[in-house]
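What follows is the content of input24.cif, which has mmCIF, C-alpha atoms:
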data_run
loop_
_atom_site.label_atom_id
_atom_site.label_comp_id
_atom_site.auth_asym_id
_atom_site.auth_seq_id
_atom_site.Cartn_x
_atom_site.Cartn_y
_atom_site.Cartn_z
CA MET A 69 0.00 0.00 0.00
CA ASP A 70 1.35 3.42 -0.99
CA ARG A 71 -0.04 6.51 0.76
CA SER A 72 2.97 8.78 0.30
CA ILE A 73 1.23 11.71 -1.43
CA ARG A 74 1.42 14.76 0.83
CA THR A 75 2.46 17.77 -1.28
CA VAL A 76 1.85 19.18 -4.75
CA GLU A 77 5.37 18.08 -5.69
CA ASP A 78 4.48 14.50 -4.68
CA VAL A 79 1.52 14.65 -7.09
CA LEU A 80 3.70 16.06 -9.88
CA ARG A 81 6.23 13.25 -9.46
CA LEU A 82 3.42 10.70 -9.53
CA LEU A 83 2.18 12.18 -12.82
CA ASP A 84 5.72 12.12 -14.22
CA GLY A 85 5.61 8.35 -13.83
CA LEU A 86 2.47 7.97 -15.96
CA PHE A 87 4.47 8.50 -19.12
CA ALA A 88 6.09 5.60 -20.92
CA SER A 89 9.54 4.51 -19.85
CA GLY A 90 12.10 6.17 -22.09
CA GLY A 91 9.76 9.02 -22.98
CA ASP A 92 10.93 11.36 -20.20
CA ARG A 93 12.64 14.47 -21.56
CA TRP A 94 12.18 16.77 -18.55
CA THR A 95 13.50 15.21 -15.31
CA GLY A 96 17.03 14.44 -14.21
CA GLY A 97 16.51 10.88 -15.44
CA ALA A 98 16.45 12.14 -19.04
CA ALA A 99 20.09 13.25 -18.99
CA GLY A 100 21.25 10.08 -20.74
CA TRP A 101 18.75 10.50 -23.57
CA TRP A 102 19.90 14.08 -24.17
CA ASP A 103 23.56 13.02 -23.96
CA ASP A 104 22.94 10.53 -26.77
CA PHE A 105 21.11 13.20 -28.75
CA TYR A 106 24.04 15.63 -28.49
CA ALA A 107 26.78 12.99 -28.87
CA ASP A 108 27.10 13.39 -32.65
CA ARG A 109 28.03 17.04 -33.06
CA ASP A 110 27.85 16.74 -36.86
CA ARG A 111 24.18 15.79 -36.97
CA PRO A 112 22.13 18.10 -39.24
CA VAL A 113 20.12 19.57 -36.35
CA PRO A 114 19.44 23.31 -36.89
CA PHE A 115 20.02 24.37 -33.29
CA PHE A 116 23.40 22.60 -33.05
CA ALA A 117 24.95 25.58 -34.82
CA ALA A 118 26.29 28.35 -32.59
CA LYS A 119 23.55 30.73 -33.67
CA PRO A 120 21.29 32.59 -31.20
CA ASP A 121 17.51 32.82 -31.64
CA GLU A 122 16.55 35.62 -34.02
CA ASN A 123 13.75 36.76 -31.73
CA LEU A 124 16.11 37.09 -28.74
CA VAL A 125 18.53 39.14 -30.83
CA SER A 126 15.59 41.29 -31.95
CA TYR A 127 14.50 41.99 -28.37
CA LEU A 128 18.02 43.07 -27.43
CA ASP A 129 18.59 45.12 -30.57
CA ARG A 130 15.34 47.01 -29.96
CA GLY A 131 16.20 47.67 -26.33
CA LEU A 132 13.14 45.78 -25.05
CA VAL A 133 15.09 43.92 -22.36
CA PRO A 134 17.60 45.85 -20.21
CA ARG A 135 20.82 44.16 -19.11
CA GLY A 136 20.98 42.35 -15.78
CA ARG A 137 20.89 38.79 -14.57
CA ALA A 138 19.61 36.23 -17.09
CA LEU A 139 18.62 32.58 -16.83
CA ASP A 140 18.71 30.30 -19.90
CA LEU A 141 16.44 27.26 -19.36
CA GLY A 142 17.46 24.14 -21.27
CA CYS A 143 20.48 25.96 -22.66
CA GLY A 144 21.71 23.02 -24.75
CA LEU A 145 24.97 23.94 -26.50
CA GLY A 146 24.86 27.47 -25.11
CA ARG A 147 24.06 29.46 -28.25
CA ASN A 148 21.68 31.88 -26.46
CA ALA A 149 23.62 31.97 -23.19
CA LEU A 150 26.72 33.10 -25.06
CA LEU A 151 24.79 35.84 -26.84
CA LEU A 152 23.48 37.16 -23.52
CA ALA A 153 26.94 37.12 -21.95
CA GLU A 154 28.32 38.92 -25.00
CA ARG A 155 25.62 41.58 -24.59
CA GLY A 156 26.57 42.24 -20.98
CA PHE A 157 24.19 40.00 -19.03
CA GLU A 158 25.24 37.99 -15.96
CA VAL A 159 24.16 34.55 -17.17
CA ASP A 160 23.15 31.32 -15.49
CA ALA A 161 22.46 28.50 -17.96
CA VAL A 162 20.85 25.18 -16.99
CA ASP A 163 20.59 21.88 -18.86
CA LEU A 164 20.08 18.21 -18.08
CA SER A 165 22.83 16.97 -20.41
CA PRO A 166 26.49 16.85 -19.32
CA ALA A 167 27.47 16.33 -22.98
CA ALA A 168 25.69 19.50 -24.07
CA LEU A 169 27.14 21.53 -21.21
CA ALA A 170 30.67 20.32 -21.95
CA LEU A 171 30.46 21.76 -25.47
CA ALA A 172 28.73 24.91 -24.22
CA GLU A 173 31.56 25.50 -21.74
CA GLU A 174 34.09 24.85 -24.51
CA ARG A 175 32.42 27.47 -26.69
CA ALA A 176 32.27 29.97 -23.84
CA ARG A 177 36.00 29.56 -23.11
CA ALA A 178 36.87 29.95 -26.79
CA ALA A 179 34.87 33.17 -26.94
CA GLY A 180 36.28 34.49 -23.65
CA LEU A 181 32.79 34.75 -22.17
CA ASP A 182 31.75 34.18 -18.56
CA VAL A 183 28.66 31.97 -18.25
CA ARG A 184 27.74 29.99 -15.15
CA PHE A 185 26.60 26.59 -16.42
CA LEU A 186 24.56 24.37 -14.10
CA ARG A 187 23.66 20.73 -14.68
CA GLY A 188 20.34 19.31 -13.53
CA ASP A 189 16.58 19.54 -13.53
CA VAL A 190 15.89 23.25 -13.13
CA PHE A 191 12.77 22.49 -11.11
CA ALA A 192 14.77 20.39 -8.65
CA LEU A 193 17.90 22.52 -8.26
CA ALA A 194 18.46 23.86 -4.79
CA ALA A 195 17.13 27.38 -4.32
CA ASP A 196 20.61 28.77 -3.67
CA SER A 197 21.93 27.36 -6.99
CA LEU A 198 20.05 29.97 -8.99
CA ARG A 199 21.00 33.61 -8.47
CA GLY A 200 17.60 35.19 -8.94
CA PRO A 201 15.76 37.35 -9.26
CA TYR A 202 16.46 37.51 -13.00
CA ARG A 203 15.81 40.42 -15.34
CA LEU A 204 15.37 37.88 -18.17
CA ILE A 205 14.44 34.21 -18.27
CA HIS A 206 14.83 32.68 -21.73
CA ASP A 207 13.29 29.34 -22.70
CA SER A 208 14.06 28.08 -26.20
CA GLY A 209 12.74 24.55 -26.60
CA CYS A 210 12.37 23.55 -22.95
CA PHE A 211 8.71 24.41 -22.38
CA HIS A 212 7.31 22.26 -25.21
CA HIS A 213 9.03 19.17 -23.75
CA LEU A 214 7.11 19.48 -20.48
CA PRO A 215 4.02 17.37 -19.77
CA PRO A 216 0.89 19.33 -18.82
CA HIS A 217 1.33 19.00 -15.06
CA ARG A 218 4.86 20.42 -15.24
CA ARG A 219 3.47 23.73 -16.49
CA ILE A 220 2.71 24.24 -12.81
CA SER A 221 6.42 23.82 -12.05
CA HIS A 222 7.36 26.18 -14.86
CA LEU A 223 4.96 28.87 -13.69
CA ALA A 224 6.12 28.46 -10.10
CA LEU A 225 9.72 28.91 -11.24
CA LEU A 226 8.80 32.15 -13.03
CA ASP A 227 6.88 33.26 -9.95
CA ARG A 228 9.93 32.63 -7.77
CA LEU A 229 12.79 33.78 -9.99
CA LEU A 230 11.54 36.43 -12.42
CA ALA A 231 12.08 39.94 -11.08
CA PRO A 232 9.16 42.38 -10.93
CA GLY A 233 9.28 44.13 -14.29
CA GLY A 234 11.43 41.27 -15.65
CA TYR A 235 10.96 39.54 -18.99
CA PHE A 236 10.22 35.97 -20.03
CA SER A 237 11.26 35.02 -23.56
CA LEU A 238 9.94 31.83 -25.17
CA ALA A 239 10.33 29.76 -28.33
CA CYS A 240 8.12 26.67 -28.62
CA PHE A 241 6.45 24.36 -31.15
CA ALA A 242 3.65 25.96 -33.17
CA ALA A 243 0.39 24.05 -33.69
CA GLY A 244 -0.05 22.97 -37.29
CA ARG A 245 3.68 23.10 -37.92
CA MET A 246 5.43 20.94 -35.33
CA GLY A 247 4.59 18.89 -32.25
CA SER A 248 1.76 16.80 -30.81
CA GLU A 249 -1.73 18.31 -30.89
CA LEU A 250 -3.34 15.71 -28.63
CA SER A 251 -5.39 17.16 -25.77
CA ASP A 252 -3.82 17.26 -22.33
CA ALA A 253 -6.04 14.38 -21.19
CA ASP A 254 -5.12 12.23 -24.21
CA LEU A 255 -1.41 12.71 -23.52
CA TYR A 256 -1.89 10.85 -20.23
CA ARG A 257 -4.00 8.17 -21.94
CA THR A 258 -1.26 7.48 -24.49
CA GLY A 259 1.63 7.98 -22.03
CA SER A 260 3.65 9.94 -24.56
CA LEU A 261 4.40 13.57 -25.45
CA GLY A 262 4.98 12.62 -29.08
CA GLY A 263 8.32 14.41 -29.28
CA GLY A 264 7.00 17.67 -27.83
CA LEU A 265 3.76 19.60 -27.49
CA ALA A 266 2.34 22.05 -30.01
CA TYR A 267 0.78 25.29 -28.78
CA THR A 268 -1.53 27.89 -30.27
CA PRO A 269 -1.14 31.58 -29.44
CA GLU A 270 -4.36 31.36 -27.43
CA ALA A 271 -2.98 28.46 -25.38
CA LEU A 272 0.22 30.37 -24.62
CA ARG A 273 -1.75 33.43 -23.58
CA HIS A 274 -3.84 31.25 -21.28
CA VAL A 275 -0.85 29.53 -19.67
CA PHE A 276 1.04 32.79 -19.12
CA ALA A 277 -2.01 34.88 -18.27
CA GLY A 278 -0.26 36.31 -15.20
CA LEU A 279 2.28 38.06 -17.44
CA GLU A 280 1.90 41.02 -19.77
CA GLU A 281 2.27 40.12 -23.45
CA ILE A 282 4.82 42.27 -25.27
CA GLU A 283 5.07 40.29 -28.51
CA LEU A 284 3.89 36.93 -29.84
CA ARG A 285 4.70 35.88 -33.40
CA SER A 286 6.17 33.15 -35.59
CA MET A 287 9.92 32.83 -35.54
CA ARG A 288 11.35 34.37 -38.68
CA PRO A 289 13.12 31.77 -40.88
CA GLN A 290 16.76 32.46 -41.55
CA PRO A 291 18.84 31.59 -44.65
CA PRO A 292 21.70 29.10 -44.22
CA ASP A 293 24.33 31.85 -44.21
CA SER A 294 22.58 33.86 -41.47
CA ALA A 295 24.32 34.34 -38.14
CA LEU A 296 20.95 33.78 -36.43
CA PHE A 297 18.73 30.75 -35.76
CA GLY A 298 15.21 30.94 -37.11
CA GLU A 299 12.70 28.20 -37.96
CA PRO A 300 9.06 28.85 -38.95
CA PHE A 301 7.71 25.88 -36.94
CA LEU A 302 8.23 27.82 -33.70
CA TRP A 303 6.23 30.51 -31.92
CA THR A 304 8.24 33.20 -30.20
CA ALA A 305 6.91 35.30 -27.35
CA LEU A 306 8.08 37.99 -24.98
CA PHE A 307 6.17 38.51 -21.74
CA ARG A 308 6.77 40.92 -18.87
CA ARG A 309 6.05 40.42 -15.19
CA PRO A 310 4.04 43.35 -13.81
CA VAL A 311 5.86 45.55 -11.33
CA ASN A 312 2.75 46.04 -9.22
CA GLY A 313 -0.64 44.46 -8.98
CA ALA A 314 -1.96 41.01 -8.23
CA ARG A 315 -0.65 38.02 -10.14
CA ASP A 316 -1.98 34.52 -10.46
CA VAL A 317 -0.82 32.33 -7.60
CA HIS A 318 0.48 28.93 -8.64
CA PRO A 319 0.70 26.04 -6.15
CA ARG A 320 4.05 24.72 -5.06
CA GLY A 321 5.10 21.56 -3.34
#
Hey, can you dump this file as structure tokens for me?
Amino acid sequence: MDRSIRTVEDVLRLLDGLFASGGDRWTGGAAGWWDDFYADRDRPVPFFAAKPDENLVSYLDRGLVPRGRALDLGCGLGRNALLLAERGFEVDAVDLSPAALALAEERARAAGLDVRFLRGDVFALAADSLRGPYRLIHDSGCFHHLPPHRRISHLALLDRLLAPGGYFSLACFAAGRMGSELSDADLYRTGSLGGGLAYTPEALRHVFAGLEEIELRSMRPQPPDSALFGEPFLWTALFRRPVNGARDVHPRG
């Protein structure tokens, strides 16, 4: 008999286990899968190139996000973390994969840039590991690998670490272009995320309703010789946390 559920986090871990073995891409147990994914550095994967997201560059070029502390969620090979460090941000970058972080650190050293790379599940890292509050939290490809119940963890992280007046930048799969369009309930029935979840603009606005929308659009595709990353199967969004006023309260474990 198991009667161990006591907190919200206990429930979230229980729901993690409802997905098929080997399908986890979001907890610390997925590190090996991501290591295998990143092992072949010559694979024709668009985001393996050391090119930052075009939308993130656009936000910085337009002066929408002032410099300060930044957190890169699911930083992968460090392409966005390095851009932020180059632009004068104090950067923490988190990923599950030791293989990805090894290359990211190699790239940072070669560029003479100071980025603090952290390995682990960002939702499970000790509170003192992350130097919030952050002026910017950037998520390029992490959010769409989360199962529905882990949106609670994501929102709680923003609630805890995003500074008042701070910005949340997102790139995720666009419905009709990439990703699973099964309903949340059907994802649990099948036990699979189907490689990542697709979102509509309306769904993103609903999930991040506690934040002010600054911009939400398709990522602009980039030619092969561009210095930027851009693929049309992604939505990009920039949200801002209100300085004053009530915000949605999200449960924590």
Problem set entry | Ground truth for the PyMOL selection byres ((chain A and resi 295-311) around 6), written as number ranges by chain | A: 119-122, 232-242, 245-246, 279-290, 294, 312
Same residues, C-alpha atoms, saved as an mmCIF file, in the coordinates of the input:
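Saved the output as out_18.cif:
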data_model
loop_
_atom_site.group_PDB
_atom_site.id
_atom_site.type_symbol
_atom_site.label_atom_id
_atom_site.label_comp_id
_atom_site.auth_asym_id
_atom_site.auth_seq_id
_atom_site.Cartn_x
_atom_site.Cartn_y
_atom_site.Cartn_z
ATOM 1 C CA LYS A 119 23.550 30.730 -33.670
ATOM 2 C CA PRO A 120 21.290 32.590 -31.200
ATOM 3 C CA ASP A 121 17.510 32.820 -31.640
ATOM 4 C CA GLU A 122 16.550 35.620 -34.020
ATOM 5 C CA PRO A 232 9.160 42.380 -10.930
ATOM 6 C CA GLY A 233 9.280 44.130 -14.290
ATOM 7 C CA GLY A 234 11.430 41.270 -15.650
ATOM 8 C CA TYR A 235 10.960 39.540 -18.990
ATOM 9 C CA PHE A 236 10.220 35.970 -20.030
ATOM 10 C CA SER A 237 11.260 35.020 -23.560
ATOM 11 C CA LEU A 238 9.940 31.830 -25.170
ATOM 12 C CA ALA A 239 10.330 29.760 -28.330
ATOM 13 C CA CYS A 240 8.120 26.670 -28.620
ATOM 14 C CA PHE A 241 6.450 24.360 -31.150
ATOM 15 C CA ALA A 242 3.650 25.960 -33.170
ATOM 16 C CA ARG A 245 3.680 23.100 -37.920
ATOM 17 C CA MET A 246 5.430 20.940 -35.330
ATOM 18 C CA LEU A 279 2.280 38.060 -17.440
ATOM 19 C CA GLU A 280 1.900 41.020 -19.770
ATOM 20 C CA GLU A 281 2.270 40.120 -23.450
ATOM 21 C CA ILE A 282 4.820 42.270 -25.270
ATOM 22 C CA GLU A 283 5.070 40.290 -28.510
ATOM 23 C CA LEU A 284 3.890 36.930 -29.840
ATOM 24 C CA ARG A 285 4.700 35.880 -33.400
ATOM 25 C CA SER A 286 6.170 33.150 -35.590
ATOM 26 C CA MET A 287 9.920 32.830 -35.540
ATOM 27 C CA ARG A 288 11.350 34.370 -38.680
ATOM 28 C CA PRO A 289 13.120 31.770 -40.880
ATOM 29 C CA GLN A 290 16.760 32.460 -41.550
ATOM 30 C CA SER A 294 22.580 33.860 -41.470
ATOM 31 C CA ASN A 312 2.750 46.040 -9.220
#
As lines of an AutoDock Vina configuration file, please: the centre and edge lengths in Å, to one decimal, of an axis-aligned box enclosing every listed atom of segment 122-126 of chain A with 6 Å added on each side.
center_x = 16.1
center_y = 38.5
center_z = -31.4
size_x = 16.8
size_y = 17.7
size_z = 17.3
Problem set entry | Counting only C-alpha atoms, the residue of A:Met69, A:Ala192, A:Leu164, A:Ala231 that sits nearest Ala99 of chain A |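 The shortest atom-to-atom distance to Ala99 of chain A comes from A:Leu164.
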Exercise. At what distance in Å, to one decimal, does atom CA of Gly180 of chain A lie from atom CA of Glu154 of chain A?
Worked result: 9.2 Å
Exercise. If the PyMOL selection byres ((chain A and resi 257-259) around 8) is run on the structure shown, which residues does it catch, given as a ChimeraX atom specification?
Worked result: /A:86-88,253-256,260-261
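The spacing separating atom CA of Arg74 of chain A from atom CA of Phe211 of chain A amounts to 26.2 Å.
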Exercise. Closest to Phe276 of chain A among A:Leu152, A:Ala224, A:Val125, A:Arg135, using all atoms listed in the file?
Worked result: A:Ala224
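Across the structure, atom CA of Ser251 of chain A and atom CA of His206 of chain A are spaced 25.8 Å apart.
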Problem set entry | Residues selected by the PyMOL selection byres ((chain A and resi 199) around 10), written as a PyMOL selection string | chain A and resi 137-139+158-160+195-198+200-202+229
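Between Asp252 of chain A and the residues A:Phe157, A:Phe105, A:Phe191, A:Tyr267, the shortest atom-to-atom distance, using all atoms listed in the file, involves A:Tyr267.
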Problem set entry | Surrounding residues of Val275 of chain A excluding itself and chain neighbours under 5 positions, 9 Å, all atoms listed in the file, as number ranges by chain | A: 219, 223, 270
Env of Cys210 of chain A: 10 Å cut, atoms = all atoms listed in the file, seq-sep filter 3 positions within chain, self excluded. Answer as a PDB file with C-alpha atoms, in the coordinates of the input.
ATOM      1  CA  ARG A  93      12.640  14.470 -21.560  1.00  0.00           C
ATOM      2  CA  TRP A  94      12.180  16.770 -18.550  1.00  0.00           C
ATOM      3  CA  ASP A 140      18.710  30.300 -19.900  1.00  0.00           C
ATOM      4  CA  LEU A 141      16.440  27.260 -19.360  1.00  0.00           C
ATOM      5  CA  GLY A 142      17.460  24.140 -21.270  1.00  0.00           C
ATOM      6  CA  CYS A 143      20.480  25.960 -22.660  1.00  0.00           C
ATOM      7  CA  GLY A 144      21.710  23.020 -24.750  1.00  0.00           C
ATOM      8  CA  ASP A 163      20.590  21.880 -18.860  1.00  0.00           C
ATOM      9  CA  HIS A 206      14.830  32.680 -21.730  1.00  0.00           C
ATOM     10  CA  ASP A 207      13.290  29.340 -22.700  1.00  0.00           C
ATOM     11  CA  HIS A 213       9.030  19.170 -23.750  1.00  0.00           C
ATOM     12  CA  LEU A 214       7.110  19.480 -20.480  1.00  0.00           C
ATOM     13  CA  HIS A 222       7.360  26.180 -14.860  1.00  0.00           C
ATOM     14  CA  LEU A 238       9.940  31.830 -25.170  1.00  0.00           C
ATOM     15  CA  ALA A 239      10.330  29.760 -28.330  1.00  0.00           C
ATOM     16  CA  CYS A 240       8.120  26.670 -28.620  1.00  0.00           C
ATOM     17  CA  GLY A 264       7.000  17.670 -27.830  1.00  0.00           C
TER      18      GLY A 264
END
Because the input lacks atoms here, generate N, CA and C atoms for segment 122-154 of chain A and report them as an mmCIF file, keeping the file's coordinate frame.
data_model
loop_
_atom_site.group_PDB
_atom_site.id
_atom_site.type_symbol
_atom_site.label_atom_id
_atom_site.label_comp_id
_atom_site.auth_asym_id
_atom_site.auth_seq_id
_atom_site.Cartn_x
_atom_site.Cartn_y
_atom_site.Cartn_z
ATOM 1 N N GLU A 122 16.743 34.306 -33.404
ATOM 2 C CA GLU A 122 16.550 35.620 -34.020
ATOM 3 C C GLU A 122 15.643 36.510 -33.194
ATOM 4 N N ASN A 123 14.658 35.939 -32.527
ATOM 5 C CA ASN A 123 13.750 36.760 -31.730
ATOM 6 C C ASN A 123 14.466 37.363 -30.513
ATOM 7 N N LEU A 124 15.362 36.574 -29.882
ATOM 8 C CA LEU A 124 16.110 37.090 -28.740
ATOM 9 C C LEU A 124 17.018 38.238 -29.172
ATOM 10 N N VAL A 125 17.688 38.072 -30.298
ATOM 11 C CA VAL A 125 18.530 39.140 -30.830
ATOM 12 C C VAL A 125 17.682 40.384 -31.107
ATOM 13 N N SER A 126 16.483 40.172 -31.656
ATOM 14 C CA SER A 126 15.590 41.290 -31.950
ATOM 15 C C SER A 126 15.195 42.042 -30.687
ATOM 16 N N TYR A 127 14.884 41.328 -29.619
ATOM 17 C CA TYR A 127 14.500 41.990 -28.370
ATOM 18 C C TYR A 127 15.650 42.870 -27.856
ATOM 19 N N LEU A 128 16.870 42.329 -27.935
ATOM 20 C CA LEU A 128 18.020 43.070 -27.430
ATOM 21 C C LEU A 128 18.348 44.258 -28.330
ATOM 22 N N ASP A 129 18.287 44.039 -29.636
ATOM 23 C CA ASP A 129 18.590 45.120 -30.570
ATOM 24 C C ASP A 129 17.609 46.283 -30.437
ATOM 25 N N ARG A 130 16.367 45.968 -30.098
ATOM 26 C CA ARG A 130 15.340 47.010 -29.960
ATOM 27 C C ARG A 130 15.303 47.623 -28.564
ATOM 28 N N GLY A 131 16.157 47.123 -27.680
ATOM 29 C CA GLY A 131 16.200 47.670 -26.330
ATOM 30 C C GLY A 131 14.996 47.296 -25.483
ATOM 31 N N LEU A 132 14.328 46.179 -25.811
ATOM 32 C CA LEU A 132 13.140 45.780 -25.050
ATOM 33 C C LEU A 132 13.495 45.196 -23.693
ATOM 34 N N VAL A 133 14.682 44.591 -23.596
ATOM 35 C CA VAL A 133 15.090 43.920 -22.360
ATOM 36 C C VAL A 133 16.396 44.540 -21.869
ATOM 37 N N PRO A 134 16.369 45.249 -20.734
ATOM 38 C CA PRO A 134 17.600 45.850 -20.210
ATOM 39 C C PRO A 134 18.540 44.785 -19.648
ATOM 40 N N ARG A 135 19.823 45.100 -19.627
ATOM 41 C CA ARG A 135 20.820 44.160 -19.110
ATOM 42 C C ARG A 135 20.613 43.911 -17.613
ATOM 43 N N GLY A 136 21.067 42.758 -17.180
ATOM 44 C CA GLY A 136 20.980 42.350 -15.780
ATOM 45 C C GLY A 136 21.262 40.876 -15.689
ATOM 46 N N ARG A 137 20.736 40.240 -14.692
ATOM 47 C CA ARG A 137 20.890 38.790 -14.570
ATOM 48 C C ARG A 137 19.942 38.094 -15.538
ATOM 49 N N ALA A 138 20.427 36.999 -16.149
ATOM 50 C CA ALA A 138 19.610 36.230 -17.090
ATOM 51 C C ALA A 138 19.742 34.749 -16.784
ATOM 52 N N LEU A 139 18.661 34.021 -17.002
ATOM 53 C CA LEU A 139 18.620 32.580 -16.830
ATOM 54 C C LEU A 139 18.188 31.950 -18.147
ATOM 55 N N ASP A 140 19.011 31.016 -18.662
ATOM 56 C CA ASP A 140 18.710 30.300 -19.900
ATOM 57 C C ASP A 140 18.279 28.882 -19.520
ATOM 58 N N LEU A 141 16.993 28.571 -19.715
ATOM 59 C CA LEU A 141 16.440 27.260 -19.360
ATOM 60 C C LEU A 141 16.652 26.282 -20.509
ATOM 61 N N GLY A 142 17.208 25.107 -20.207
ATOM 62 C CA GLY A 142 17.460 24.140 -21.270
ATOM 63 C C GLY A 142 18.411 24.718 -22.296
ATOM 64 N N CYS A 143 19.568 25.156 -21.827
ATOM 65 C CA CYS A 143 20.480 25.960 -22.660
ATOM 66 C C CYS A 143 21.131 25.163 -23.775
ATOM 67 N N GLY A 144 21.113 23.813 -23.697
ATOM 68 C CA GLY A 144 21.710 23.020 -24.750
ATOM 69 C C GLY A 144 23.182 23.351 -24.930
ATOM 70 N N LEU A 145 23.569 23.683 -26.168
ATOM 71 C CA LEU A 145 24.970 23.940 -26.500
ATOM 72 C C LEU A 145 25.376 25.382 -26.234
ATOM 73 N N GLY A 146 24.491 26.155 -25.610
ATOM 74 C CA GLY A 146 24.860 27.470 -25.110
ATOM 75 C C GLY A 146 24.736 28.624 -26.084
ATOM 76 N N ARG A 147 24.069 28.419 -27.209
ATOM 77 C CA ARG A 147 24.060 29.460 -28.250
ATOM 78 C C ARG A 147 23.397 30.753 -27.767
ATOM 79 N N ASN A 148 22.331 30.657 -26.974
ATOM 80 C CA ASN A 148 21.680 31.880 -26.460
ATOM 81 C C ASN A 148 22.364 32.415 -25.221
ATOM 82 N N ALA A 149 22.895 31.526 -24.383
ATOM 83 C CA ALA A 149 23.620 31.970 -23.190
ATOM 84 C C ALA A 149 24.837 32.800 -23.578
ATOM 85 N N LEU A 150 25.539 32.367 -24.628
ATOM 86 C CA LEU A 150 26.720 33.100 -25.060
ATOM 87 C C LEU A 150 26.353 34.465 -25.616
ATOM 88 N N LEU A 151 25.249 34.542 -26.343
ATOM 89 C CA LEU A 151 24.790 35.840 -26.840
ATOM 90 C C LEU A 151 24.529 36.796 -25.677
ATOM 91 N N LEU A 152 23.828 36.306 -24.656
ATOM 92 C CA LEU A 152 23.480 37.160 -23.520
ATOM 93 C C LEU A 152 24.734 37.629 -22.785
ATOM 94 N N ALA A 153 25.689 36.729 -22.597
ATOM 95 C CA ALA A 153 26.940 37.120 -21.950
ATOM 96 C C ALA A 153 27.674 38.161 -22.791
ATOM 97 N N GLU A 154 27.668 37.973 -24.088
ATOM 98 C CA GLU A 154 28.320 38.920 -25.000
ATOM 99 C C GLU A 154 27.668 40.296 -24.937
#
